[in-house]
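Text of coords27.pdb (PDB, C-alpha atoms, pLDDT in the B column) as supplied:
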ATOM      1  CA  MET A  21     -24.716 120.230 149.173  1.00 46.00           C
ATOM      2  CA  ASN A  22     -23.082 120.221 145.754  1.00 47.00           C
ATOM      3  CA  PRO A  23     -19.287 120.301 146.238  1.00 48.00           C
ATOM      4  CA  ALA A  24     -18.847 121.708 142.739  1.00 45.00           C
ATOM      5  CA  LYS A  25     -20.908 124.789 143.605  1.00 45.00           C
ATOM      6  CA  ASN A  26     -18.840 127.875 142.864  1.00 43.00           C
ATOM      7  CA  ASN A  27     -20.470 131.141 143.912  1.00 43.00           C
ATOM      8  CA  THR A  28     -18.796 134.502 144.112  1.00 38.00           C
ATOM      9  CA  GLN A  29     -19.844 137.407 146.241  1.00 38.00           C
ATOM     10  CA  GLN A  30     -19.155 141.056 145.385  1.00 35.00           C
ATOM     11  CA  SER A  31     -17.121 142.816 148.059  1.00 35.00           C
ATOM     12  CA  THR A  32     -18.960 145.710 149.687  1.00 36.00           C
ATOM     13  CA  SER A  33     -15.780 147.725 150.254  1.00 36.00           C
ATOM     14  CA  SER A  34     -14.251 147.414 146.764  1.00 34.00           C
ATOM     15  CA  SER A  35     -15.068 146.398 143.223  1.00 33.00           C
ATOM     16  CA  PHE A  36     -13.046 143.149 143.100  1.00 35.00           C
ATOM     17  CA  THR A  37     -14.670 139.711 143.274  1.00 41.00           C
ATOM     18  CA  SER A  38     -13.621 137.533 146.220  1.00 61.00           C
ATOM     19  CA  ASN A  39     -13.666 133.748 146.244  1.00 77.00           C
ATOM     20  CA  SER A  40     -16.066 133.646 149.197  1.00 82.00           C
ATOM     21  CA  GLY A  41     -18.710 131.008 148.657  1.00 90.00           C
ATOM     22  CA  THR A  42     -16.274 128.741 146.834  1.00 91.00           C
ATOM     23  CA  CYS A  43     -16.425 125.089 147.846  1.00 94.00           C
ATOM     24  CA  VAL A  44     -13.075 123.257 147.911  1.00 93.00           C
ATOM     25  CA  ALA A  45     -11.722 120.029 149.321  1.00 92.00           C
ATOM     26  CA  PHE A  46     -10.250 120.585 152.790  1.00 91.00           C
ATOM     27  CA  ASP A  47      -6.810 119.365 151.717  1.00 86.00           C
ATOM     28  CA  SER A  48      -6.860 121.822 148.779  1.00 87.00           C
ATOM     29  CA  ILE A  49      -7.199 124.997 150.864  1.00 90.00           C
ATOM     30  CA  GLN A  50      -4.576 127.459 149.662  1.00 89.00           C
ATOM     31  CA  ASP A  51      -5.894 130.779 150.984  1.00 92.00           C
ATOM     32  CA  PRO A  52      -6.267 132.037 154.544  1.00 93.00           C
ATOM     33  CA  GLY A  53      -9.804 132.787 155.618  1.00 95.00           C
ATOM     34  CA  CYS A  54     -12.862 131.561 157.421  1.00 96.00           C
ATOM     35  CA  TYR A  55     -14.444 128.326 156.160  1.00 96.00           C
ATOM     36  CA  ILE A  56     -17.538 126.253 157.003  1.00 97.00           C
ATOM     37  CA  CYS A  57     -17.237 122.448 157.022  1.00 95.00           C
ATOM     38  CA  ASN A  58     -19.894 121.203 154.604  1.00 94.00           C
ATOM     39  CA  TRP A  59     -20.149 117.846 156.427  1.00 91.00           C
ATOM     40  CA  ASN A  60     -20.993 119.173 159.897  1.00 94.00           C
ATOM     41  CA  GLY A  61     -21.328 122.980 159.859  1.00 96.00           C
ATOM     42  CA  HIS A  62     -18.276 123.660 162.037  1.00 96.00           C
ATOM     43  CA  LEU A  63     -16.313 126.874 161.627  1.00 97.00           C
ATOM     44  CA  VAL A  64     -12.661 126.549 160.545  1.00 95.00           C
ATOM     45  CA  ARG A  65     -10.296 129.516 160.812  1.00 95.00           C
ATOM     46  CA  ILE A  66      -7.239 129.229 158.573  1.00 93.00           C
ATOM     47  CA  PRO A  67      -4.633 131.936 159.332  1.00 92.00           C
ATOM     48  CA  GLU A  68      -1.921 132.861 156.836  1.00 90.00           C
ATOM     49  CA  ASP A  69       0.564 130.605 158.669  1.00 87.00           C
ATOM     50  CA  GLY A  70      -1.798 127.684 158.115  1.00 87.00           C
ATOM     51  CA  VAL A  71      -1.341 127.778 154.339  1.00 87.00           C
ATOM     52  CA  THR A  72       2.254 128.983 153.979  1.00 86.00           C
ATOM     53  CA  PRO A  73       4.463 126.089 152.796  1.00 82.00           C
ATOM     54  CA  GLY A  74       6.956 124.955 155.427  1.00 78.00           C
ATOM     55  CA  ARG A  75       5.273 126.840 158.272  1.00 77.00           C
ATOM     56  CA  SER A  76       3.054 125.585 161.048  1.00 62.00           C
ATOM     57  CA  PRO A  77       0.342 125.037 162.146  1.00 60.00           C
ATOM     58  CA  MET A  78      -0.453 122.535 159.415  1.00 70.00           C
ATOM     59  CA  ILE A  79      -3.612 120.502 159.696  1.00 77.00           C
ATOM     60  CA  ASN A  80      -4.118 117.294 157.788  1.00 78.00           C
ATOM     61  CA  ILE A  81      -7.382 115.338 157.881  1.00 82.00           C
ATOM     62  CA  VAL A  82      -7.188 111.901 156.268  1.00 84.00           C
ATOM     63  CA  GLY A  83     -10.220 109.877 155.265  1.00 86.00           C
ATOM     64  CA  ALA A  84     -11.653 107.620 152.589  1.00 91.00           C
ATOM     65  CA  GLU A  85     -13.872 110.407 151.222  1.00 90.00           C
ATOM     66  CA  PRO A  86     -12.923 114.004 150.448  1.00 89.00           C
ATOM     67  CA  LEU A  87     -14.140 116.560 152.992  1.00 93.00           C
ATOM     68  CA  TYR A  88     -15.388 119.831 151.537  1.00 95.00           C
ATOM     69  CA  VAL A  89     -15.366 123.306 153.050  1.00 96.00           C
ATOM     70  CA  THR A  90     -16.851 126.551 151.783  1.00 97.00           C
ATOM     71  CA  LYS A  91     -14.983 129.818 152.212  1.00 97.00           C
ATOM     72  CA  ILE A  92     -17.205 132.485 153.767  1.00 97.00           C
ATOM     73  CA  SER A  93     -14.672 135.247 154.438  1.00 96.00           C
ATOM     74  CA  GLU A  94     -11.163 136.359 153.533  1.00 96.00           C
ATOM     75  CA  ASN A  95     -10.730 137.252 157.230  1.00 97.00           C
ATOM     76  CA  PRO A  96      -9.909 134.150 159.309  1.00 96.00           C
ATOM     77  CA  PHE A  97     -10.825 136.033 162.497  1.00 96.00           C
ATOM     78  CA  VAL A  98     -14.289 137.247 161.521  1.00 97.00           C
ATOM     79  CA  THR A  99     -16.597 137.360 164.554  1.00 97.00           C
ATOM     80  CA  VAL A 100     -18.763 134.321 165.252  1.00 97.00           C
ATOM     81  CA  THR A 101     -21.947 136.366 164.819  1.00 97.00           C
ATOM     82  CA  LYS A 102     -20.859 137.613 161.402  1.00 97.00           C
ATOM     83  CA  ALA A 103     -19.663 134.100 160.429  1.00 97.00           C
ATOM     84  CA  ARG A 104     -23.147 132.730 161.205  1.00 97.00           C
ATOM     85  CA  LEU A 105     -24.714 135.421 159.021  1.00 96.00           C
ATOM     86  CA  LEU A 106     -22.288 134.784 156.159  1.00 96.00           C
ATOM     87  CA  ALA A 107     -22.875 131.019 156.371  1.00 95.00           C
ATOM     88  CA  SER A 108     -26.634 131.518 156.257  1.00 94.00           C
ATOM     89  CA  ASN A 109     -26.233 133.783 153.213  1.00 94.00           C
ATOM     90  CA  PHE A 110     -24.628 130.826 151.415  1.00 93.00           C
ATOM     91  CA  ASP A 111     -27.298 128.392 152.736  1.00 94.00           C
ATOM     92  CA  LEU A 112     -24.663 126.446 154.679  1.00 94.00           C
ATOM     93  CA  PRO A 113     -25.253 124.493 157.883  1.00 93.00           C
ATOM     94  CA  VAL A 114     -24.227 126.298 161.077  1.00 95.00           C
ATOM     95  CA  ASN A 115     -23.022 124.260 164.040  1.00 95.00           C
ATOM     96  CA  PHE A 116     -21.033 126.774 166.075  1.00 93.00           C
TER      97      PHE A 116
END

Reformat the file's structure so that it appears as structure tokens.
Amino acid sequence: MNPAKNNTQQSTSSSFTSNSGTCVAFDSIQDPGCYICNWNGHLVRIPEDGVTPGRSPMINIVGAEPLYVTKISENPFVTVTKARLLASNFDLPVNF
């Protein structure tokens, strides 16, 4: 998987372009949403509190190599069935 891949998907309910399909380093996540771990296919739900400075829960994964995730939805609480479909639309591994 190319971590520099930057796809956009047109929203079906409005005419704006979302950043779904964008691959970012895990420690660079700045927006709430639903993400797929590119290294193992796990689903990661990031609520608004997870990215608001000074608020918890904060998650920090430390490693020698950067870990990349791909945003599949603006909604962090998208159903698992829909998350699987969205992940497959972006040709991402699914392990949930």

Centre and size of axis-aligned box enclosing range 98-105 of chain A plus 8 Å each side, as AutoDock Vina command-line options:
--center_x -19.5 --center_y 135.2 --center_z 162.1 --size_x 26.4 --size_y 20.9 --size_z 22.2

Check the smallest atom-to-atom distance from each of A:Leu112, A:Ile49, A:Ala107, A:Ala84 to Val71 in chain A using all atoms listed in the file, then report the winner.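 With all atoms listed in the file as the atom set, the closest residue is A:Ile49.
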
What's the separation between CA of Gly70 in chain A and CA of Leu105 in chain A, in Å to one decimal place?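 So the answer is 24.2 Å.
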
Find the residues around Phe116 in chain A up to 8 Å (all atoms listed in the file counted), leave out those fewer than 2 positions away in its own chain, and share them as an NGL selection string. :A and (61-63 or 100 or 104 or 114)

Would you pick out the contacts of Val82 in chain A at 12 Å or less, using all atoms listed in the file, so that residues sharing its chain but fewer than 2 positions from it are not included, and give the list as a ChimeraX atom specification? /A:45-47,79-80,84-87

Under the rule that all atoms listed in the file are counted, which of A:Met78, A:Cys54, A:Gly41, A:Val64 is the nearest residue to Ser93 in chain A? A:Cys54
